[in-house]
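Participant: Structure file upload.cif, mmCIF, C-alpha atoms, is pasted below:
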data_start
loop_
_atom_site.label_atom_id
_atom_site.label_comp_id
_atom_site.auth_asym_id
_atom_site.auth_seq_id
_atom_site.Cartn_x
_atom_site.Cartn_y
_atom_site.Cartn_z
CA MET A 1 -157.48 60.85 -59.61
CA LEU A 2 -156.42 63.58 -62.00
CA TYR A 3 -158.99 65.98 -63.43
CA ARG A 4 -159.15 68.17 -66.52
CA LYS A 5 -161.35 71.17 -67.18
CA VAL A 6 -163.89 71.31 -70.00
CA PRO A 7 -163.12 74.71 -71.58
CA LYS A 8 -166.71 75.75 -72.32
CA THR A 9 -168.35 74.39 -69.17
CA GLY A 10 -165.69 74.86 -66.54
CA ASP A 11 -166.42 71.40 -65.13
CA GLU A 12 -163.47 69.51 -63.68
CA LEU A 13 -163.96 65.98 -65.00
CA SER A 14 -162.04 62.89 -63.95
CA ILE A 15 -159.68 61.93 -66.75
CA LEU A 16 -161.08 58.39 -66.40
CA GLY A 17 -164.75 57.95 -67.21
CA PHE A 18 -166.82 54.83 -66.61
CA GLY A 19 -168.20 53.52 -69.90
CA CYS A 20 -171.41 51.53 -69.50
CA MET A 21 -171.41 49.75 -72.87
CA ARG A 22 -169.57 46.65 -71.64
CA LEU A 23 -170.83 46.01 -68.12
CA ALA A 24 -170.18 42.83 -66.16
CA LEU A 25 -172.44 40.05 -67.40
CA LYS A 26 -174.00 36.86 -66.10
CA GLU A 27 -173.63 33.59 -67.98
CA ASP A 28 -176.93 34.19 -69.80
CA GLY A 29 -175.66 37.51 -71.20
CA SER A 30 -177.73 39.77 -68.94
CA ILE A 31 -176.14 42.48 -66.79
CA ASP A 32 -174.74 41.16 -63.52
CA GLU A 33 -176.37 44.02 -61.68
CA GLU A 34 -175.06 43.37 -58.19
CA ARG A 35 -171.47 43.18 -59.39
CA ALA A 36 -171.77 46.02 -61.89
CA VAL A 37 -173.35 48.38 -59.33
CA ARG A 38 -170.54 47.55 -56.92
CA GLN A 39 -167.97 48.31 -59.63
CA VAL A 40 -169.56 51.62 -60.64
CA ARG A 41 -169.85 52.84 -57.07
CA TYR A 42 -166.29 51.77 -56.26
CA ALA A 43 -165.02 53.81 -59.19
CA ILE A 44 -167.05 56.83 -58.08
CA ASP A 45 -165.80 56.47 -54.50
CA HIS A 46 -162.27 56.59 -55.91
CA GLY A 47 -162.71 59.77 -57.91
CA VAL A 48 -164.50 58.93 -61.17
CA ASN A 49 -167.14 61.59 -61.79
CA TYR A 50 -168.20 60.93 -65.42
CA LEU A 51 -170.48 58.05 -66.46
CA ASP A 52 -171.32 57.37 -70.10
CA THR A 53 -174.25 55.33 -71.37
CA ALA A 54 -176.55 55.31 -74.40
CA TRP A 55 -179.99 54.25 -75.65
CA PRO A 56 -178.86 50.98 -77.35
CA TYR A 57 -176.21 49.74 -74.93
CA HIS A 58 -176.92 46.27 -73.55
CA MET A 59 -180.02 46.07 -75.75
CA GLY A 60 -181.53 49.10 -74.02
CA GLU A 61 -180.78 47.99 -70.45
CA SER A 62 -177.75 50.22 -69.77
CA GLU A 63 -179.65 53.45 -69.09
CA PRO A 64 -182.07 51.86 -66.58
CA PHE A 65 -179.09 50.16 -64.94
CA VAL A 66 -177.27 53.47 -64.57
CA GLY A 67 -180.37 55.00 -63.03
CA ARG A 68 -180.45 52.29 -60.37
CA ALA A 69 -176.69 52.31 -59.83
CA LEU A 70 -176.79 56.02 -59.02
CA LEU A 71 -179.41 55.75 -56.27
CA ASP A 72 -178.43 56.18 -52.62
CA GLY A 73 -176.85 59.58 -53.25
CA TYR A 74 -174.51 58.63 -56.08
CA ARG A 75 -176.33 60.67 -58.74
CA LYS A 76 -175.16 63.97 -57.25
CA LYS A 77 -171.54 62.78 -57.26
CA VAL A 78 -171.25 62.38 -61.03
CA LYS A 79 -171.91 63.91 -64.41
CA VAL A 80 -174.10 61.59 -66.48
CA ALA A 81 -173.71 61.38 -70.24
CA THR A 82 -176.13 59.67 -72.57
CA LYS A 83 -177.02 59.97 -76.23
CA LEU A 84 -179.85 60.70 -78.63
CA PRO A 85 -180.03 57.73 -81.06
CA SER A 86 -179.81 59.84 -84.21
CA TRP A 87 -180.56 56.94 -86.56
CA LEU A 88 -184.05 56.58 -85.03
CA ILE A 89 -185.04 60.21 -85.52
CA GLU A 90 -187.73 60.81 -88.12
CA SER A 91 -189.22 64.05 -86.75
CA ARG A 92 -188.58 66.90 -84.35
CA GLU A 93 -191.09 65.30 -81.98
CA ASP A 94 -189.04 62.11 -81.80
CA MET A 95 -186.20 64.01 -80.18
CA ASP A 96 -188.27 65.18 -77.23
CA LYS A 97 -190.00 61.82 -76.88
CA ILE A 98 -186.69 59.94 -76.65
CA LEU A 99 -185.04 62.44 -74.31
CA ASN A 100 -188.02 62.35 -71.93
CA SER A 101 -187.91 58.55 -71.95
CA GLN A 102 -184.19 58.63 -71.13
CA LEU A 103 -184.79 60.94 -68.18
CA GLU A 104 -187.27 58.40 -66.83
CA LYS A 105 -184.91 55.47 -67.36
CA LEU A 106 -182.06 57.31 -65.67
CA GLN A 107 -184.33 58.44 -62.80
CA THR A 108 -183.12 62.01 -63.10
CA ASP A 109 -184.51 65.42 -64.07
CA HIS A 110 -181.49 66.38 -66.17
CA ILE A 111 -178.68 64.90 -68.21
CA ASP A 112 -175.37 66.68 -67.71
CA TYR A 113 -173.68 65.80 -71.01
CA TYR A 114 -176.06 64.91 -73.85
CA LEU A 115 -174.73 63.73 -77.18
CA VAL A 116 -176.20 63.30 -80.63
CA HIS A 117 -175.09 59.73 -81.14
CA ALA A 118 -172.91 58.11 -83.81
CA LEU A 119 -172.84 60.93 -86.33
CA VAL A 120 -171.57 60.56 -89.86
CA GLY A 121 -171.94 63.23 -92.53
CA ASP A 122 -175.26 62.09 -94.03
CA LEU A 123 -176.86 61.43 -90.66
CA TRP A 124 -175.89 64.88 -89.44
CA ASP A 125 -177.48 66.41 -92.54
CA THR A 126 -180.70 64.55 -91.77
CA VAL A 127 -181.04 65.53 -88.11
CA GLU A 128 -180.00 69.08 -88.89
CA LYS A 129 -182.89 69.40 -91.33
CA LEU A 130 -185.25 67.91 -88.73
CA GLY A 131 -184.37 70.66 -86.23
CA ILE A 132 -181.68 69.23 -83.98
CA ALA A 133 -180.31 72.70 -83.16
CA ASP A 134 -183.73 73.92 -82.04
CA PHE A 135 -184.20 70.77 -79.95
CA LEU A 136 -180.85 71.11 -78.19
CA ASN A 137 -181.42 74.80 -77.51
CA GLU A 138 -184.86 74.14 -76.01
CA ALA A 139 -183.67 71.19 -73.94
CA LYS A 140 -180.85 73.31 -72.54
CA ALA A 141 -183.18 76.21 -71.86
CA ASP A 142 -185.71 74.10 -69.96
CA GLY A 143 -183.01 72.27 -68.01
CA ARG A 144 -183.48 68.74 -69.33
CA ILE A 145 -179.90 68.78 -70.58
CA VAL A 146 -177.03 70.90 -69.34
CA TYR A 147 -174.43 70.59 -72.11
CA ALA A 148 -174.71 69.42 -75.71
CA GLY A 149 -172.24 67.38 -77.72
CA PHE A 150 -171.98 64.67 -80.34
CA SER A 151 -170.22 61.38 -80.85
CA PHE A 152 -168.57 60.82 -84.20
CA HIS A 153 -168.04 57.69 -86.28
CA GLY A 154 -167.68 59.13 -89.77
CA ASP A 155 -165.01 60.10 -92.24
CA GLY A 156 -162.59 62.75 -91.10
CA LYS A 157 -163.71 65.06 -93.91
CA ASP A 158 -167.10 65.51 -92.18
CA PHE A 159 -165.83 66.11 -88.67
CA ASN A 160 -164.88 69.77 -88.91
CA ARG A 161 -168.11 70.83 -90.57
CA ILE A 162 -170.13 69.14 -87.81
CA VAL A 163 -168.00 70.89 -85.18
CA ASP A 164 -168.73 74.20 -86.91
CA ALA A 165 -172.45 73.55 -87.45
CA TYR A 166 -173.56 74.15 -83.84
CA ASP A 167 -172.28 75.71 -80.63
CA TRP A 168 -171.23 72.40 -79.12
CA ASP A 169 -169.81 72.12 -75.62
CA PHE A 170 -167.95 68.85 -76.22
CA CYS A 171 -167.55 65.90 -78.55
CA GLN A 172 -166.72 62.22 -78.32
CA ILE A 173 -164.35 60.52 -80.74
CA GLN A 174 -162.67 57.17 -81.21
CA TYR A 175 -158.97 57.65 -80.55
CA ASN A 176 -156.04 55.40 -79.77
CA TYR A 177 -152.58 54.83 -81.17
CA LEU A 178 -153.96 52.76 -84.04
CA ASP A 179 -156.51 55.42 -85.03
CA GLU A 180 -154.45 58.56 -85.50
CA GLN A 181 -155.57 58.72 -89.14
CA ASN A 182 -158.95 56.99 -88.72
CA GLN A 183 -162.31 58.79 -88.34
CA ALA A 184 -161.71 62.14 -86.58
CA GLY A 185 -158.12 61.16 -85.80
CA THR A 186 -155.46 63.46 -84.43
CA ALA A 187 -156.48 66.23 -86.83
CA GLY A 188 -160.04 66.14 -85.48
CA LEU A 189 -158.85 66.04 -81.88
CA GLU A 190 -156.78 69.15 -82.43
CA TYR A 191 -159.53 70.95 -84.34
CA ALA A 192 -162.16 70.30 -81.68
CA ALA A 193 -159.81 71.48 -78.95
CA SER A 194 -158.98 74.62 -80.94
CA LYS A 195 -162.70 75.45 -80.90
CA GLY A 196 -162.87 75.09 -77.12
CA LEU A 197 -164.66 71.74 -77.07
CA GLY A 198 -164.03 69.20 -74.38
CA VAL A 199 -162.98 65.91 -75.97
CA VAL A 200 -164.13 62.56 -74.62
CA VAL A 201 -162.30 59.55 -76.05
CA MET A 202 -163.96 56.18 -76.67
CA GLU A 203 -162.33 52.89 -77.69
CA PRO A 204 -158.94 53.71 -76.10
CA LEU A 205 -158.02 50.00 -76.20
CA ARG A 206 -159.70 49.31 -79.58
CA GLY A 207 -162.33 47.08 -78.01
CA GLY A 208 -159.66 45.24 -76.00
CA ASN A 209 -157.58 44.41 -79.08
CA LEU A 210 -154.60 46.30 -77.65
CA THR A 211 -154.58 44.32 -74.40
CA ASN A 212 -156.08 40.88 -75.09
CA SER A 213 -153.84 38.12 -76.42
CA VAL A 214 -150.86 40.43 -76.93
CA PRO A 215 -148.71 38.86 -79.68
CA SER A 216 -145.15 37.91 -78.83
CA SER A 217 -143.85 40.32 -81.47
CA ILE A 218 -145.69 43.17 -79.72
CA LYS A 219 -144.58 42.07 -76.26
CA GLU A 220 -140.97 42.11 -77.42
CA ILE A 221 -141.31 45.79 -78.30
CA TRP A 222 -142.92 46.69 -74.97
CA ASP A 223 -140.14 44.81 -73.17
CA MET A 224 -137.61 47.19 -74.74
CA ALA A 225 -138.95 50.07 -72.63
CA PRO A 226 -136.78 51.12 -69.65
CA VAL A 227 -139.98 51.85 -67.68
CA LYS A 228 -142.14 48.71 -67.53
CA ARG A 229 -145.86 49.21 -68.12
CA THR A 230 -148.76 46.94 -69.04
CA PRO A 231 -150.18 47.23 -72.59
CA ALA A 232 -153.26 48.93 -71.10
CA GLU A 233 -151.12 51.52 -69.33
CA TRP A 234 -149.16 52.27 -72.49
CA ALA A 235 -152.39 52.73 -74.48
CA LEU A 236 -154.09 54.93 -71.90
CA ARG A 237 -151.04 57.06 -71.12
CA TRP A 238 -150.44 57.61 -74.84
CA ILE A 239 -153.91 59.21 -75.09
CA TRP A 240 -153.68 61.13 -71.81
CA ASN A 241 -150.34 62.48 -73.00
CA ARG A 242 -152.40 64.70 -75.32
CA PRO A 243 -153.50 67.84 -73.42
CA GLU A 244 -156.48 68.18 -75.79
CA VAL A 245 -158.10 65.05 -74.29
CA THR A 246 -160.48 65.66 -71.39
CA VAL A 247 -161.81 62.19 -70.51
CA ILE A 248 -161.07 58.63 -71.56
CA LEU A 249 -163.99 56.20 -71.34
CA SER A 250 -163.13 52.72 -70.17
CA GLY A 251 -165.56 49.79 -70.24
CA MET A 252 -164.37 48.49 -66.89
CA ASN A 253 -166.06 45.18 -66.06
CA GLU A 254 -163.26 43.43 -64.16
CA GLU A 255 -162.19 44.53 -60.69
CA ALA A 256 -158.52 44.21 -61.59
CA HIS A 257 -159.03 46.48 -64.61
CA ILE A 258 -160.73 49.11 -62.46
CA GLU A 259 -157.85 49.07 -59.98
CA GLU A 260 -155.28 49.33 -62.76
CA ASN A 261 -157.09 52.16 -64.54
CA LEU A 262 -157.55 54.12 -61.31
CA ARG A 263 -153.84 53.77 -60.58
CA ILE A 264 -152.88 55.00 -64.04
CA ALA A 265 -155.35 57.90 -63.80
CA ASP A 266 -153.49 59.12 -60.71
CA GLN A 267 -150.28 59.56 -62.72
CA ALA A 268 -151.09 60.29 -66.37
CA TYR A 269 -150.23 63.94 -66.83
CA PRO A 270 -150.26 65.55 -70.28
CA ASN A 271 -146.93 65.70 -72.11
CA SER A 272 -145.40 63.26 -69.63
CA LEU A 273 -144.17 60.62 -72.10
CA THR A 274 -140.66 61.04 -73.44
CA ASP A 275 -139.80 61.15 -77.14
CA GLU A 276 -138.23 57.71 -76.79
CA GLU A 277 -141.43 56.32 -75.27
CA LEU A 278 -143.55 57.83 -78.04
CA GLN A 279 -141.29 56.23 -80.62
CA LEU A 280 -141.74 52.90 -78.89
CA VAL A 281 -145.52 53.22 -79.19
CA LYS A 282 -145.07 54.07 -82.85
CA LYS A 283 -143.20 50.78 -83.35
CA VAL A 284 -146.05 48.89 -81.67
CA GLU A 285 -148.58 50.67 -83.87
CA LYS A 286 -146.70 49.67 -87.00
CA LYS A 287 -146.50 46.04 -85.92
CA TYR A 288 -150.20 45.87 -85.06
CA HIS A 289 -151.14 47.23 -88.48
CA GLU A 290 -149.02 44.50 -90.02
CA LEU A 291 -150.81 41.81 -87.98
CA MET A 292 -154.49 42.81 -87.84
CA LYS A 293 -157.00 41.93 -90.53
CA VAL A 294 -160.25 43.64 -89.42
CA GLY A 295 -160.60 47.05 -87.74
CA CYS A 296 -163.51 45.95 -85.54
CA THR A 297 -163.74 47.50 -82.05
CA GLY A 298 -166.47 45.19 -80.77
CA CYS A 299 -169.00 48.01 -80.35
CA ARG A 300 -171.85 45.64 -81.37
CA TYR A 301 -173.77 48.25 -83.34
CA CYS A 302 -174.07 45.62 -86.10
CA LEU A 303 -176.23 43.44 -83.83
CA PRO A 304 -178.71 41.85 -83.70
CA CYS A 305 -177.97 40.04 -86.97
CA PRO A 306 -181.05 38.59 -88.74
CA ALA A 307 -179.08 35.37 -89.29
CA GLU A 308 -177.83 35.35 -85.68
CA VAL A 309 -174.18 35.76 -86.66
CA ASN A 310 -172.10 37.06 -83.76
CA ILE A 311 -170.24 39.48 -86.00
CA PRO A 312 -167.93 41.09 -83.40
CA LEU A 313 -166.90 37.72 -81.99
CA CYS A 314 -166.24 36.35 -85.48
CA PHE A 315 -163.91 39.27 -86.16
CA GLU A 316 -162.28 39.01 -82.74
CA MET A 317 -161.45 35.36 -83.38
CA TYR A 318 -160.23 36.19 -86.88
CA ASN A 319 -157.89 38.91 -85.61
CA ASN A 320 -156.74 36.63 -82.80
CA LYS A 321 -155.59 34.07 -85.34
CA TYR A 322 -153.13 36.59 -86.73
CA LEU A 323 -152.22 38.14 -83.40
CA SER A 324 -151.49 34.77 -81.79
CA GLY A 325 -149.88 33.14 -84.82
CA ASN A 326 -151.52 29.83 -83.84
CA SER A 327 -153.87 28.75 -86.62
CA GLU A 328 -155.01 25.41 -85.19
CA GLU A 329 -155.74 26.77 -81.74
CA SER A 330 -157.67 29.65 -83.31
CA ARG A 331 -159.79 27.26 -85.39
CA PHE A 332 -160.55 25.18 -82.29
CA TYR A 333 -161.61 28.18 -80.19
CA TYR A 334 -163.65 29.55 -83.07
CA ALA A 335 -165.65 26.30 -82.89
CA VAL A 336 -165.88 26.54 -79.10
CA ARG A 337 -167.03 30.14 -78.86
CA LEU A 338 -169.23 30.46 -81.95
CA SER A 339 -171.01 27.11 -81.52
CA GLY A 340 -172.84 28.43 -78.46
CA LEU A 341 -171.40 25.58 -76.42
CA LEU A 342 -170.45 27.91 -73.56
CA THR A 343 -173.33 30.37 -73.88
CA THR A 344 -176.79 30.14 -75.47
CA GLY A 345 -176.43 26.84 -77.27
CA LYS A 346 -177.23 28.54 -80.59
CA PRO A 347 -174.60 28.68 -83.35
CA GLU A 348 -173.36 32.14 -84.35
CA PHE A 349 -170.90 31.30 -87.15
CA ALA A 350 -169.81 33.52 -90.03
CA SER A 351 -171.13 30.85 -92.39
CA GLN A 352 -174.68 31.79 -91.35
CA CYS A 353 -174.38 35.21 -93.06
CA ILE A 354 -177.14 35.64 -95.68
CA GLN A 355 -175.54 38.73 -97.26
CA CYS A 356 -178.54 40.93 -96.33
CA GLU A 357 -176.11 43.83 -95.75
CA LYS A 358 -178.19 45.25 -92.90
CA CYS A 359 -175.01 45.44 -90.82
CA LEU A 360 -173.34 47.76 -93.32
CA GLU A 361 -175.72 50.57 -92.33
CA GLN A 362 -174.80 50.21 -88.66
CA CYS A 363 -171.02 49.75 -88.63
CA PRO A 364 -169.23 52.90 -87.41
CA GLN A 365 -165.93 51.51 -88.72
CA HIS A 366 -167.38 51.13 -92.25
CA ILE A 367 -166.16 47.55 -92.50
CA ASP A 368 -167.33 45.50 -95.47
CA ILE A 369 -168.81 42.99 -93.04
CA PRO A 370 -170.30 40.43 -95.49
CA THR A 371 -167.02 40.18 -97.39
CA MET A 372 -164.97 39.87 -94.21
CA LEU A 373 -167.33 37.20 -92.85
CA LYS A 374 -166.58 35.15 -95.96
CA ALA A 375 -162.89 35.44 -95.14
CA VAL A 376 -163.57 34.36 -91.55
CA GLU A 377 -165.43 31.29 -92.77
CA GLU A 378 -162.71 30.41 -95.26
CA GLU A 379 -159.97 30.53 -92.62
CA LEU A 380 -161.72 29.47 -89.42
CA GLY A 381 -164.68 27.43 -90.68
CA GLY A 382 -164.49 24.35 -92.84
CA PRO A 383 -165.91 20.85 -93.25
CA ASP A 384 -164.36 19.59 -90.00
CA MET A 385 -166.46 21.96 -87.88
CA ASP A 386 -168.65 19.19 -86.43
CA GLN A 387 -165.53 17.30 -85.42
CA ARG A 388 -164.10 20.38 -83.67
CA ILE A 389 -167.37 21.01 -81.83
CA ALA A 390 -167.49 17.38 -80.69
CA MET A 391 -163.91 17.68 -79.45
CA ALA A 392 -164.80 20.88 -77.61
CA ARG A 393 -167.74 19.16 -75.91
CA GLU A 394 -165.41 16.48 -74.62
CA VAL A 395 -162.82 18.97 -73.42
CA PHE A 396 -165.28 21.14 -71.54
CA LYS A 397 -167.17 18.17 -70.18
CA LYS A 398 -163.96 16.99 -68.55
CA SER A 399 -163.18 20.42 -67.15
#
Before we go any further, please render this structure as structure tokens.
Facilitator:
Amino acid sequence: MLYRKVPKTGDELSILGFGCMRLALKEDGSIDEERAVRQVRYAIDHGVNYLDTAWPYHMGESEPFVGRALLDGYRKKVKVATKLPSWLIESREDMDKILNSQLEKLQTDHIDYYLVHALVGDLWDTVEKLGIADFLNEAKADGRIVYAGFSFHGDGKDFNRIVDAYDWDFCQIQYNYLDEQNQAGTAGLEYAASKGLGVVVMEPLRGGNLTNSVPSSIKEIWDMAPVKRTPAEWALRWIWNRPEVTVILSGMNEEAHIEENLRIADQAYPNSLTDEELQLVKKVEKKYHELMKVGCTGCRYCLPCPAEVNIPLCFEMYNNKYLSGNSEESRFYYAVRLSGLLTTGKPEFASQCIQCEKCLEQCPQHIDIPTMLKAVEEELGGPDMDQRIAMAREVFKKS
């Protein structure tokens, strides 16, 4: 495992962090605790020393899970990061109340890396007026948190002013080869690093979109490389190539993914990709932008939907139609996966959207979700849906 130093704290953090937003699940959608604990501890035993969770992950169950996973001596082996849900804050008192609750859930007396969560410009202005600086200073002084940071999901124009508004130790940004100009982007990465902040990267694989169902046109570009790497390795090494990056968070919920990521994290030095390799990634980026229709990362902040639409899955299936190039197969699997046939039994189709626009307030990618759901329904829905669901029942009954 390679490590990089946080400039302001001096901590040597593993370049691979374990993200606890997408833990291994049981068939009913609950955390598969036995398997997930085994995965977390395996990663720690192999050098990972940074775990990231948050108040809303897994409908509030991620923080208590992390607390249990770090029993038996594992807590002292890692730096724990969690986040203040800034959108819930209505008073200065709320900040202390939530932090104290998180300490209980995590079964710890301190949080090593504490972030103000999901900031955009307006939300920062609100919590700043409510006394966030005073709260962070007091929590650091009394030892409940060690270092203070923020995670960012806003427009790039707001990033620098938030960096400059407080003496932050670190920040967390979305960054991958499709997002150089999105949100904080490369400019934000460089600005934060110039101010001495450690930079933690989330969504390195764009919610799995850079590794799942890789289109043939993308695979052809990767196959041109003299050094053969998986799509995941290309994506991760592209980020780790930047010396400004401290940690990449990976939502590792498959044993094979953990093994692969650990292997890559043993080799991914900064400035180690050649100019030719960087140009190859640029070609892949261009092709992906030509193919993809919705910039959804699957973060699930838009859920729960009042109409029970599975928004991230709708967008995943919509993108997959264009990435795979197979319209009929995409329409069939849209019926399979959104009908609830394989999960809860409840339908979660885009057609159920009631245009309440509640999701618009929650989406960190600022997607016009109601409009895009209409497009999903137009292309993947249709009057033959009952027929497709019936066909799916027969197929899966036989299997």
Participant: With only C-alpha atoms as the atoms that count, which of A:Ile248, A:Ala36, A:Leu313, A:Ala235 lies nearest to Asn49 in chain A?
Facilitator: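 Closest residue, counting only C-alpha atoms: A:Ile248.
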Participant: Counting only C-alpha atoms, which of A:Tyr288, A:Leu273, A:Ser351, A:Ala225 gets nearest to Glu308 in chain A?
Facilitator: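 Going through A:Tyr288, A:Leu273, A:Ser351, A:Ala225 one by one, the smallest distance to Glu308 in chain A is for A:Ser351.
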Participant: A:Trp238, A:Tyr50, A:Tyr177, A:Trp222: which is nearest His289 in chain A, counting only C-alpha atoms?
Facilitator: A:Tyr177
Participant: The PyMOL selection byres ((chain A and resi 227) around 12) - which residues does that actually catch in the file I just gave you? List them as a PyMOL selection string.
Facilitator: chain A and resi 222-226+228-230+233-234+273-274+276-277+280
Participant: Next, the residues of the selection above should be written as a PDB file, in the coordinates of the input with C-alpha atoms.
Facilitator:
ATOM      1  CA  TRP A 222    -142.920  46.690 -74.970  1.00  0.00           C
ATOM      2  CA  ASP A 223    -140.140  44.810 -73.170  1.00  0.00           C
ATOM      3  CA  MET A 224    -137.610  47.190 -74.740  1.00  0.00           C
ATOM      4  CA  ALA A 225    -138.950  50.070 -72.630  1.00  0.00           C
ATOM      5  CA  PRO A 226    -136.780  51.120 -69.650  1.00  0.00           C
ATOM      6  CA  LYS A 228    -142.140  48.710 -67.530  1.00  0.00           C
ATOM      7  CA  ARG A 229    -145.860  49.210 -68.120  1.00  0.00           C
ATOM      8  CA  THR A 230    -148.760  46.940 -69.040  1.00  0.00           C
ATOM      9  CA  GLU A 233    -151.120  51.520 -69.330  1.00  0.00           C
ATOM     10  CA  TRP A 234    -149.160  52.270 -72.490  1.00  0.00           C
ATOM     11  CA  LEU A 273    -144.170  60.620 -72.100  1.00  0.00           C
ATOM     12  CA  THR A 274    -140.660  61.040 -73.440  1.00  0.00           C
ATOM     13  CA  GLU A 276    -138.230  57.710 -76.790  1.00  0.00           C
ATOM     14  CA  GLU A 277    -141.430  56.320 -75.270  1.00  0.00           C
ATOM     15  CA  LEU A 280    -141.740  52.900 -78.890  1.00  0.00           C
TER      16      LEU A 280
END
Participant: Padding of 6 Å on every side, edges along x, y and z, all listed atoms of range 319-332 of chain A included: what centre and edge lengths in Å, to one decimal, does that box have, as lines of an AutoDock Vina configuration file?
Facilitator:
center_x = -155.2
center_y = 32.0
center_z = -84.2
size_x = 22.7
size_y = 25.7
size_z = 17.0
